[in-house]
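Trainee: Sharing structure.cif, mmCIF, C-alpha atoms:
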```
data_structure
#
loop_
_atom_site.label_atom_id
_atom_site.label_comp_id
_atom_site.auth_asym_id
_atom_site.auth_seq_id
_atom_site.Cartn_x
_atom_site.Cartn_y
_atom_site.Cartn_z
CA MET A 86 5.27 44.42 43.22
CA TYR A 87 8.32 44.40 40.94
CA ILE A 88 10.99 41.73 40.41
CA LEU A 89 14.04 42.68 38.28
CA GLY A 90 12.11 45.71 37.12
CA LEU A 91 9.18 43.60 35.85
CA SER A 92 5.64 43.81 37.20
CA LEU A 93 3.75 40.67 38.29
CA ILE A 94 1.53 40.68 35.18
CA GLN A 95 4.62 40.96 32.93
CA ILE A 96 6.22 37.96 34.66
CA ILE A 97 3.05 35.85 34.40
CA LEU A 98 2.56 36.69 30.70
CA ALA A 99 6.21 36.02 29.86
CA THR A 100 6.18 32.70 31.76
CA VAL A 101 3.01 31.51 30.00
CA ALA A 102 4.44 32.52 26.60
CA VAL A 103 7.74 30.70 27.26
CA VAL A 104 5.86 27.56 28.39
CA PHE A 105 3.69 27.48 25.24
CA ILE A 106 6.64 28.10 22.91
CA THR A 107 8.63 25.34 24.64
CA ILE A 108 5.70 22.89 24.36
CA SER A 109 5.31 23.67 20.63
CA VAL A 110 9.04 23.22 19.96
CA MET A 111 9.14 19.95 21.94
CA ARG A 112 6.08 18.57 20.13
CA PHE A 113 7.59 19.45 16.76
CA GLY A 114 10.96 18.01 17.82
CA ARG A 115 9.29 14.74 18.84
CA LYS A 116 7.50 14.71 15.45
CA GLU A 117 4.18 14.18 17.19
CA ARG A 118 1.26 13.35 14.91
CA GLY A 119 -0.31 16.48 13.40
CA GLN A 120 2.59 18.76 14.40
CA THR A 121 3.63 20.72 11.32
CA GLY A 122 6.20 23.43 10.65
CA PHE A 123 3.31 25.79 9.89
CA LYS A 124 1.81 25.20 13.36
CA LEU A 125 5.21 25.71 15.03
CA ILE A 126 5.84 28.98 13.18
CA SER A 127 2.31 30.28 13.94
CA SER A 128 2.69 29.36 17.60
CA CYS A 129 6.09 31.06 17.83
CA ILE A 130 4.72 34.23 16.16
CA VAL A 131 1.66 34.48 18.46
CA TRP A 132 3.39 33.56 21.76
CA GLY A 133 6.65 35.25 20.75
CA GLY A 134 4.65 38.43 20.18
CA ILE A 135 3.11 38.14 23.64
CA LEU A 136 6.57 37.50 25.17
CA VAL A 137 8.08 40.58 23.51
CA THR A 138 5.06 42.69 24.48
CA ALA A 139 5.34 41.55 28.09
CA LEU A 140 9.10 42.11 28.41
CA PHE A 141 9.50 45.24 26.26
CA PRO A 142 6.19 47.12 26.32
CA LYS A 143 7.89 50.39 25.30
CA TRP A 144 9.27 48.87 22.08
CA VAL A 145 5.87 47.52 21.17
CA LEU A 146 4.28 50.88 21.94
CA GLN A 147 6.80 52.63 19.69
CA ILE A 148 6.22 50.14 16.85
CA ALA A 149 2.44 50.45 17.30
CA ARG A 150 2.66 54.25 17.16
CA SER A 151 4.81 54.18 14.02
CA LEU A 152 2.18 51.91 12.42
CA GLY A 153 -0.58 54.31 13.43
CA MET A 154 -1.97 52.01 16.11
CA GLY A 155 -1.17 54.18 19.09
CA GLU A 156 -4.80 54.98 19.72
CA ASN A 157 -6.86 52.74 21.98
CA LEU A 158 -9.50 51.90 19.35
CA ASN A 159 -6.87 50.78 16.83
CA THR A 160 -5.20 48.63 19.44
CA LEU A 161 -8.54 47.04 20.26
CA ILE A 162 -9.17 46.28 16.58
CA PHE A 163 -5.68 44.81 16.25
CA THR A 164 -6.22 42.64 19.32
CA GLY A 165 -9.51 41.49 17.79
CA PHE A 166 -7.66 40.37 14.67
CA VAL A 167 -5.16 38.41 16.74
CA ILE A 168 -7.96 36.66 18.67
CA ALA A 169 -9.83 35.89 15.41
CA PHE A 170 -6.64 34.45 13.93
CA ALA A 171 -6.08 32.25 16.98
CA LEU A 172 -9.70 31.01 16.85
CA ILE A 173 -9.51 30.19 13.13
CA PHE A 174 -6.23 28.40 13.75
CA ARG A 175 -7.82 26.26 16.48
CA MET A 176 -10.82 25.50 14.27
CA LEU A 177 -8.57 24.45 11.39
CA GLY A 178 -6.78 22.09 13.75
CA SER A 179 -10.07 20.56 14.92
CA ILE A 180 -11.38 20.15 11.36
CA GLU A 181 -8.13 18.49 10.31
CA HIS A 182 -8.39 16.07 13.26
CA LEU A 183 -12.02 15.29 12.39
CA GLU A 184 -11.15 14.66 8.72
CA ARG A 185 -8.42 12.21 9.71
CA THR A 186 -10.73 10.39 12.10
CA ILE A 187 -13.43 10.08 9.41
CA THR A 188 -10.88 8.68 6.95
CA LEU A 189 -9.68 6.11 9.50
CA LEU A 190 -13.26 5.00 10.18
CA VAL A 191 -14.11 4.79 6.47
CA ARG A 192 -10.92 2.75 5.87
CA LYS A 193 -11.65 0.37 8.74
CA GLU A 194 -15.14 -0.21 7.38
CA ALA A 195 -13.86 -0.78 3.83
CA LEU A 196 -11.23 -3.29 4.99
CA LYS A 197 -13.86 -5.39 6.77
CA ASP A 198 -14.87 -6.58 3.32
CA LEU A 199 -11.40 -7.88 2.55
CA ASP A 200 -11.55 -11.15 4.53
CA LYS A 201 -14.95 -11.97 3.04
CA GLN A 202 -13.72 -11.44 -0.50
CA LYS A 203 -10.51 -13.38 0.13
CA HIS A 204 -12.61 -16.34 1.25
CA GLU A 205 -14.93 -16.02 -1.78
CA LYS A 206 -11.91 -15.99 -4.11
CA LYS A 207 -10.54 -19.20 -2.61
CA THR A 208 -13.84 -21.11 -2.92
CA MET B 287 8.94 -11.51 -14.14
CA ASP B 288 9.90 -14.72 -12.40
CA GLY B 289 6.47 -14.99 -10.78
CA LYS B 290 7.88 -15.48 -7.28
CA LYS B 291 7.00 -12.03 -5.99
CA ARG B 292 3.36 -11.34 -5.19
CA ILE B 293 2.44 -8.18 -7.06
CA TYR B 294 -0.77 -6.40 -6.12
CA ILE B 295 -2.13 -3.59 -8.25
CA VAL B 296 -4.01 -0.92 -6.28
CA ILE B 297 -6.50 1.08 -8.33
CA PRO B 298 -8.19 4.07 -6.64
CA VAL B 299 -11.41 5.01 -8.42
CA TYR B 300 -14.22 7.51 -8.16
CA ASN B 301 -17.16 7.36 -10.56
CA GLU B 302 -15.29 5.43 -13.25
CA ALA B 303 -18.13 3.08 -14.25
CA SER B 304 -17.66 3.76 -17.96
CA VAL B 305 -13.99 2.72 -18.04
CA ILE B 306 -13.14 0.56 -15.01
CA GLY B 307 -14.30 -2.67 -16.69
CA SER B 308 -11.94 -2.21 -19.64
CA VAL B 309 -9.06 -1.09 -17.39
CA LEU B 310 -9.39 -4.28 -15.31
CA LYS B 311 -9.71 -6.49 -18.40
CA GLU B 312 -6.57 -4.95 -19.86
CA LEU B 313 -4.66 -5.61 -16.62
CA GLN B 314 -5.90 -9.19 -16.47
CA ARG B 315 -4.91 -9.77 -20.11
CA ALA B 316 -1.42 -8.49 -19.22
CA GLY B 317 -1.22 -11.25 -16.58
CA TYR B 318 -2.06 -9.41 -13.37
CA ALA B 319 -4.62 -11.27 -11.28
CA ASN B 320 -4.18 -9.53 -7.92
CA LEU B 321 -6.19 -6.39 -8.45
CA ILE B 322 -7.45 -4.25 -5.58
CA VAL B 323 -9.99 -1.64 -6.59
CA VAL B 324 -10.74 1.01 -3.96
CA ASP B 325 -14.00 2.72 -4.79
CA ASP B 326 -13.77 6.10 -3.08
CA GLY B 327 -17.49 6.64 -2.51
CA SER B 328 -18.67 6.52 -6.14
CA THR B 329 -22.30 7.30 -6.85
CA ASP B 330 -22.38 5.15 -9.99
CA THR B 331 -21.93 1.40 -10.59
CA THR B 332 -18.12 1.40 -10.35
CA SER B 333 -18.03 -1.08 -7.41
CA GLN B 334 -20.45 -3.47 -9.04
CA ILE B 335 -18.48 -3.55 -12.30
CA ALA B 336 -15.19 -4.06 -10.43
CA ARG B 337 -16.69 -7.01 -8.49
CA GLU B 338 -18.05 -8.56 -11.67
CA SER B 339 -14.54 -8.26 -13.13
CA HIS B 340 -13.25 -10.46 -10.24
CA ALA B 341 -11.16 -7.72 -8.64
CA ILE B 342 -10.97 -7.37 -4.86
CA THR B 343 -13.26 -4.41 -4.38
CA LEU B 344 -13.20 -2.24 -1.29
CA ARG B 345 -15.62 0.60 -0.95
CA HIS B 346 -15.26 3.86 0.97
CA SER B 347 -18.72 4.84 2.21
CA LEU B 348 -17.70 8.50 1.84
CA ASN B 349 -15.46 10.20 -0.72
CA ARG B 350 -12.15 10.74 1.09
CA GLY B 351 -9.79 11.55 -1.78
CA LYS B 352 -7.21 9.78 -3.90
CA GLY B 353 -4.56 9.65 -1.16
CA ALA B 354 -6.97 8.02 1.29
CA ALA B 355 -8.06 5.46 -1.32
CA VAL B 356 -4.47 4.55 -2.20
CA ARG B 357 -3.65 4.06 1.47
CA THR B 358 -6.66 1.78 1.94
CA GLY B 359 -5.50 -0.27 -1.06
CA ILE B 360 -1.94 -0.50 0.21
CA GLU B 361 -3.21 -1.52 3.65
CA ALA B 362 -5.27 -4.29 2.00
CA ALA B 363 -2.23 -5.43 -0.02
CA ARG B 364 -0.19 -5.58 3.17
CA MET B 365 -2.88 -7.76 4.80
CA LEU B 366 -2.73 -10.01 1.75
CA ASP B 367 1.05 -10.41 2.13
CA ALA B 368 2.00 -8.54 -1.02
CA ASP B 369 5.69 -8.25 -1.87
CA ILE B 370 5.25 -5.43 -4.36
CA VAL B 371 2.44 -2.90 -4.62
CA VAL B 372 1.85 -0.96 -7.80
CA THR B 373 -0.57 1.98 -7.81
CA PHE B 374 -2.41 2.43 -11.09
CA ASP B 375 -4.97 5.07 -12.11
CA GLY B 376 -8.47 3.83 -12.83
CA ASP B 377 -9.32 6.15 -15.71
CA GLY B 378 -7.41 4.22 -18.36
CA GLN B 379 -4.51 6.64 -18.75
CA HIS B 380 -1.85 4.11 -17.67
CA ASP B 381 -0.50 1.25 -19.75
CA PRO B 382 -0.30 -2.19 -18.01
CA GLU B 383 2.86 -2.92 -20.05
CA ASP B 384 4.72 -0.38 -17.88
CA ILE B 385 4.09 -2.35 -14.68
CA GLN B 386 6.78 -4.93 -15.42
CA ASN B 387 9.41 -2.19 -15.80
CA LEU B 388 8.52 -0.81 -12.38
CA ALA B 389 8.38 -4.25 -10.73
CA ARG B 390 11.75 -5.17 -12.25
CA GLU B 391 13.33 -2.12 -10.61
CA ILE B 392 11.93 -3.20 -7.23
CA GLU B 393 13.31 -6.70 -7.76
CA ASN B 394 16.68 -5.10 -8.53
CA GLY B 395 16.71 -3.54 -5.06
CA GLN B 396 14.83 -0.25 -5.30
CA ASP B 397 12.31 0.55 -2.55
CA VAL B 398 10.16 2.93 -4.58
CA VAL B 399 9.86 3.33 -8.33
CA LEU B 400 8.13 6.41 -9.70
CA GLY B 401 6.63 6.39 -13.17
CA LYS B 402 7.54 9.56 -15.05
CA ARG B 403 5.71 10.95 -18.02
CA ASN B 404 7.61 12.12 -21.07
CA PHE B 405 6.24 15.64 -21.34
CA ASP B 406 7.86 16.10 -24.75
CA GLU B 407 5.28 13.72 -26.22
CA LYS B 408 2.94 15.78 -28.37
CA HIS B 409 -0.34 14.31 -27.11
CA ILE B 410 0.30 15.50 -23.54
CA PRO B 411 -1.48 18.84 -23.01
CA TYR B 412 0.92 21.75 -22.47
CA TYR B 413 -0.81 22.86 -19.26
CA ARG B 414 -0.16 19.41 -17.74
CA ALA B 415 3.57 19.80 -18.37
CA VAL B 416 3.57 23.28 -16.81
CA ALA B 417 1.50 22.14 -13.80
CA ASN B 418 3.84 19.21 -13.29
CA ARG B 419 6.94 21.42 -13.32
CA ILE B 420 5.33 23.73 -10.75
CA GLY B 421 4.40 20.67 -8.64
CA ASN B 422 7.96 19.32 -8.87
CA PHE B 423 9.39 22.68 -7.82
CA ILE B 424 7.02 23.03 -4.84
CA THR B 425 7.71 19.45 -3.76
CA TRP B 426 11.46 20.13 -3.96
CA VAL B 427 11.17 23.37 -1.94
CA ILE B 428 9.01 21.77 0.77
CA TYR B 429 10.46 18.26 0.96
CA GLY B 430 13.96 18.74 -0.44
CA LEU B 431 13.93 15.95 -3.03
CA TRP B 432 13.88 16.63 -6.75
CA VAL B 433 11.87 14.21 -8.90
CA ASN B 434 10.79 14.55 -12.53
CA ASP B 435 7.12 13.70 -12.01
CA SER B 436 5.95 14.39 -8.47
CA GLN B 437 2.27 13.88 -9.38
CA SER B 438 2.47 10.58 -11.23
CA GLY B 439 -0.08 7.96 -10.13
CA LEU B 440 1.90 4.98 -11.45
CA ARG B 441 4.29 3.92 -8.71
CA ALA B 442 5.69 0.73 -7.27
CA TYR B 443 6.62 0.03 -3.66
CA SER B 444 8.62 -2.75 -2.07
CA ARG B 445 7.38 -4.36 1.13
CA ARG B 446 9.98 -2.35 3.08
CA ALA B 447 8.74 0.88 1.51
CA PHE B 448 5.06 0.40 2.19
CA ASP B 449 5.83 -0.66 5.76
CA LEU B 450 7.84 2.52 6.35
CA ILE B 451 5.87 5.12 4.42
CA GLN B 452 3.38 6.93 6.69
CA THR B 453 1.27 9.55 4.97
CA GLU B 454 -1.38 11.71 6.58
CA THR B 455 -3.00 13.59 3.73
CA ASP B 456 -6.08 12.31 1.94
CA ARG B 457 -6.18 14.11 -1.37
CA TYR B 458 -3.83 14.82 -4.26
CA GLU B 459 -1.08 16.13 -1.99
CA TYR B 460 -0.54 12.48 -1.08
CA ASP B 461 1.62 12.09 -4.19
CA SER B 462 4.06 14.73 -2.91
CA GLU B 463 3.92 13.39 0.63
CA VAL B 464 5.31 10.08 -0.62
CA ILE B 465 8.34 12.01 -1.90
CA ARG B 466 8.82 13.43 1.62
CA GLU B 467 8.75 9.89 3.04
CA ILE B 468 11.32 8.69 0.49
CA ALA B 469 13.66 11.46 1.67
CA LYS B 470 12.86 10.96 5.36
CA HIS B 471 13.53 7.19 5.38
CA LYS B 472 16.35 7.45 2.81
CA LEU B 473 14.60 4.89 0.60
CA ALA B 474 16.27 3.77 -2.61
CA TYR B 475 14.20 5.08 -5.50
CA SER B 476 14.33 5.40 -9.23
CA GLU B 477 12.21 6.91 -11.97
CA VAL B 478 11.06 4.96 -14.99
CA LEU B 479 9.59 6.40 -18.17
CA MET B 480 5.95 5.45 -18.67
CA HIS B 481 3.31 5.90 -21.31
CA VAL B 482 0.19 7.94 -20.73
CA ARG B 483 -3.00 8.00 -22.72
CA TYR B 484 -4.89 11.23 -22.31
CA THR B 485 -8.34 10.45 -23.66
CA SER B 486 -11.19 12.92 -24.04
CA TYR B 487 -12.80 11.04 -21.12
CA SER B 488 -9.90 11.64 -18.73
CA GLN B 489 -9.63 15.29 -19.80
CA GLN B 490 -13.29 15.98 -19.09
CA LYS B 491 -13.33 14.67 -15.54
CA LYS B 492 -14.28 17.43 -13.15
CA HIS B 493 -12.62 16.09 -10.00
CA LYS B 494 -9.19 15.76 -11.59
CA GLN B 495 -6.51 18.34 -10.89
CA SER B 496 -7.80 21.68 -12.16
CA PHE B 497 -6.01 24.98 -11.58
CA VAL B 498 -8.14 25.72 -8.51
CA ASN B 499 -7.60 22.20 -7.16
CA GLY B 500 -3.90 22.68 -7.78
CA LEU B 501 -3.92 25.80 -5.61
CA LYS B 502 -5.82 23.93 -2.88
CA THR B 503 -3.29 21.10 -3.06
CA PHE B 504 -0.48 23.65 -2.73
CA ALA B 505 -2.14 25.26 0.30
CA ARG B 506 -2.64 21.87 1.97
CA LEU B 507 0.98 20.95 1.26
CA LEU B 508 2.10 24.13 3.03
CA LEU B 509 -0.22 23.53 5.98
CA ASN B 510 1.13 20.01 6.41
CA THR B 511 4.79 20.92 6.10
#
```
Would it be possible to restate this file's structure as structure tokens?
Mentor:
Amino acid sequence: MYILGLSLIQIILATVAVVFITISVMRFGRKERGQTGFKLISSCIVWGGILVTALFPKWVLQIARSLGMGENLNTLIFTGFVIAFALIFRMLGSIEHLERTITLLVRKEALKDLDKQKHEKKT
Amino acid sequence: MDGKKRIYIVIPVYNEASVIGSVLKELQRAGYANLIVVDDGSTDTTSQIARESHAITLRHSLNRGKGAAVRTGIEAARMLDADIVVTFDGDGQHDPEDIQNLAREIENGQDVVLGKRNFDEKHIPYYRAVANRIGNFITWVIYGLWVNDSQSGLRAYSRRAFDLIQTETDRYEYDSEVIREIAKHKLAYSEVLMHVRYTSYSQQKKHKQSFVNGLKTFARLLLNT
């Protein structure tokens, strides 16, 4: 099945990529907590790459061949790198979130002492 | 100082037991009674000494970094209805006499006053001057505001400033993040020359900004851009 010369899998991939890029741009635009320029750029590179691959597979094939990645094994290795990068990126995000939560808890605990000390100072 | 404004001095510390007592005494002698010490998970007797010196002492149960400690102190000052908050290093490198110059600038309408070191002074190590220039440049590239001492720990904030400034980083990159907030909220700021005393003690401290820590700070700044 083809629509406008694109296969079903191409349309699905392109739609998913556009949705994720839009979400990232909107989150960054709204200055949501934890949204950084670095995350936006990374997201655009990864999903932009998928979008271009889905819409213009011949271009990507030509670029891959000129980089010596025309063979199946090389492509597999390259895909592995992309997946590893995405996983590391997710893990970094989770660690960052955890660190912030720990700091908030530690701060809350430390500030509990404030009222007690204020009272001691007055008496 | 007319004495009408409530000035709170926030002092983030980590394993400063050998100097914190004298730092607090010096501040008290200079007339500052509202001292908030934030012990960032020290493993020595820093907290105990600070309490005995009659400073409000808050303790982080885990080491979270200078930025996190400063934010805890500022939060405490806000709860205590401070009008002006001054951040002051706990290793004895700052001079309490400089505080009045910073506070005066706030009273004259500035929102944030940044202490700036005079790097032409001979006792300041050359590598500190170089590191500071690199830090200033990176801060300018990332946050778009040029300041002469982006890593200075001596700073003063008006009530408006510490209500508006929202930082997210915990470690030394906090200092640069404040610059971003100044630009973002278009806060009125000025820079005031300050004295620094680099003692053999402060030079030997392992957790201070080393070259490797500087690189880590740079990487974290980029990640949080």
Trainee: Nearest to Leu479 (chain B): which of B:Gly401, B:Gly307, B:Gly430, B:Gly421 is it, counting only C-alpha atoms?
Mentor: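 Closest to Leu479 (chain B), using only C-alpha atoms: B:Gly401.
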Trainee: I need the residue set behind the PyMOL selection byres ((chain A) within 6 of (chain B)) for this file; please write it as a list in words.
Mentor: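 Checking the PyMOL selection byres ((chain A) within 6 of (chain B)) against this file, the residues are Thr121, Gly122, Phe123, Val191, Arg192 and Ala195 of chain A.
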Trainee: Can I get the selected residues back with C-alpha atoms, as a PDB file, in the coordinates of the input?
Mentor:
```pdb
ATOM      1  CA  THR A 121       3.630  20.720  11.320  1.00  0.00           C
ATOM      2  CA  GLY A 122       6.200  23.430  10.650  1.00  0.00           C
ATOM      3  CA  PHE A 123       3.310  25.790   9.890  1.00  0.00           C
ATOM      4  CA  VAL A 191     -14.110   4.790   6.470  1.00  0.00           C
ATOM      5  CA  ARG A 192     -10.920   2.750   5.870  1.00  0.00           C
ATOM      6  CA  ALA A 195     -13.860  -0.780   3.830  1.00  0.00           C
TER       7      ALA A 195
END
```
Trainee: What is the distance between CA of Arg445 (chain B) and CA of Gly114 (chain A), in Å to one decimal?
Mentor: 28.1 Å
Trainee: How would you write, as a list of chain:residue names, the residues chosen by the PyMOL selection byres ((chain B and resi 405) around 10) on this structure?
Mentor: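 When the PyMOL selection byres ((chain B and resi 405) around 10) is applied to the shown file, the picked residues are B:Lys402, B:Arg403, B:Asn404, B:Asp406, B:Glu407, B:Lys408, B:His409, B:Ile410, B:Pro411, B:Tyr412, B:Arg414, B:Ala415, B:Val416, B:Asn418, B:Arg419, B:Asn434, B:Asp435, B:Val482.
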Trainee: Given only C-alpha atoms as the basis, pick out the residue of B:Ile360, B:Ile335, B:Val427, B:Ala474 nearest to Ile392 (chain B).
Mentor: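 Going through B:Ile360, B:Ile335, B:Val427, B:Ala474 one by one, the smallest distance to Ile392 (chain B) is for B:Ala474.
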Trainee: Return region 322-344 of chain B, completed with N, CA, C and O atoms, as a CSV table (one decimal), in the frame of the given file.
Mentor:
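Saved as result.csv:
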```csv
chain,number,residue,atom,x,y,z
B,322,ILE,N,-6.7,-4.8,-6.7
B,322,ILE,CA,-7.4,-4.2,-5.6
B,322,ILE,C,-8.0,-2.9,-6.0
B,322,ILE,O,-7.3,-2.0,-6.3
B,323,VAL,N,-9.3,-2.9,-6.2
B,323,VAL,CA,-10.0,-1.6,-6.6
B,323,VAL,C,-10.5,-1.0,-5.3
B,323,VAL,O,-11.2,-1.6,-4.5
B,324,VAL,N,-10.2,0.3,-5.1
B,324,VAL,CA,-10.7,1.0,-4.0
B,324,VAL,C,-11.7,2.1,-4.5
B,324,VAL,O,-11.3,3.1,-5.1
B,325,ASP,N,-13.0,1.8,-4.3
B,325,ASP,CA,-14.0,2.7,-4.8
B,325,ASP,C,-14.2,3.8,-3.7
B,325,ASP,O,-14.7,3.5,-2.6
B,326,ASP,N,-13.8,5.0,-4.1
B,326,ASP,CA,-13.8,6.1,-3.1
B,326,ASP,C,-15.1,6.8,-3.0
B,326,ASP,O,-15.2,8.0,-3.2
B,327,GLY,N,-16.2,6.1,-2.7
B,327,GLY,CA,-17.5,6.6,-2.5
B,327,GLY,C,-18.2,7.0,-3.8
B,327,GLY,O,-18.9,8.0,-3.8
B,328,SER,N,-18.0,6.2,-4.8
B,328,SER,CA,-18.7,6.5,-6.1
B,328,SER,C,-20.2,6.5,-6.0
B,328,SER,O,-20.7,5.8,-5.2
B,329,THR,N,-20.8,7.3,-6.8
B,329,THR,CA,-22.3,7.3,-6.8
B,329,THR,C,-22.8,6.5,-8.1
B,329,THR,O,-24.0,6.5,-8.3
B,330,ASP,N,-21.9,5.9,-8.8
B,330,ASP,CA,-22.4,5.2,-10.0
B,330,ASP,C,-22.1,3.7,-9.7
B,330,ASP,O,-22.0,3.2,-8.6
B,331,THR,N,-22.0,2.9,-10.8
B,331,THR,CA,-21.9,1.4,-10.6
B,331,THR,C,-20.5,0.9,-10.6
B,331,THR,O,-20.2,-0.3,-10.9
B,332,THR,N,-19.5,1.8,-10.3
B,332,THR,CA,-18.1,1.4,-10.4
B,332,THR,C,-17.8,0.1,-9.5
B,332,THR,O,-17.2,-0.8,-10.0
B,333,SER,N,-18.3,0.1,-8.3
B,333,SER,CA,-18.0,-1.1,-7.4
B,333,SER,C,-18.6,-2.4,-8.0
B,333,SER,O,-17.9,-3.4,-8.0
B,334,GLN,N,-19.8,-2.3,-8.5
B,334,GLN,CA,-20.4,-3.5,-9.0
B,334,GLN,C,-19.6,-4.0,-10.2
B,334,GLN,O,-19.4,-5.2,-10.3
B,335,ILE,N,-19.2,-3.1,-11.1
B,335,ILE,CA,-18.5,-3.6,-12.3
B,335,ILE,C,-17.1,-4.2,-11.9
B,335,ILE,O,-16.7,-5.2,-12.4
B,336,ALA,N,-16.5,-3.5,-10.9
B,336,ALA,CA,-15.2,-4.1,-10.4
B,336,ALA,C,-15.4,-5.5,-9.8
B,336,ALA,O,-14.5,-6.3,-10.1
B,337,ARG,N,-16.4,-5.7,-9.1
B,337,ARG,CA,-16.7,-7.0,-8.5
B,337,ARG,C,-16.9,-8.0,-9.6
B,337,ARG,O,-16.4,-9.1,-9.5
B,338,GLU,N,-17.7,-7.6,-10.6
B,338,GLU,CA,-18.0,-8.6,-11.7
B,338,GLU,C,-16.8,-8.9,-12.5
B,338,GLU,O,-16.7,-9.9,-13.1
B,339,SER,N,-15.8,-8.0,-12.4
B,339,SER,CA,-14.5,-8.3,-13.1
B,339,SER,C,-13.6,-9.1,-12.3
B,339,SER,O,-12.4,-9.2,-12.6
B,340,HIS,N,-14.0,-9.6,-11.1
B,340,HIS,CA,-13.2,-10.5,-10.2
B,340,HIS,C,-12.1,-9.7,-9.6
B,340,HIS,O,-11.0,-10.4,-9.3
B,341,ALA,N,-12.2,-8.4,-9.4
B,341,ALA,CA,-11.2,-7.7,-8.6
B,341,ALA,C,-11.6,-7.6,-7.2
B,341,ALA,O,-12.8,-7.6,-6.9
B,342,ILE,N,-10.6,-7.6,-6.3
B,342,ILE,CA,-11.0,-7.4,-4.9
B,342,ILE,C,-11.5,-5.9,-4.8
B,342,ILE,O,-10.8,-5.0,-5.2
B,343,THR,N,-12.7,-5.8,-4.3
B,343,THR,CA,-13.3,-4.4,-4.4
B,343,THR,C,-13.6,-3.9,-3.0
B,343,THR,O,-14.4,-4.5,-2.3
B,344,LEU,N,-12.9,-2.8,-2.6
B,344,LEU,CA,-13.2,-2.2,-1.3
B,344,LEU,C,-13.9,-0.9,-1.5
B,344,LEU,O,-13.5,-0.2,-2.5
```
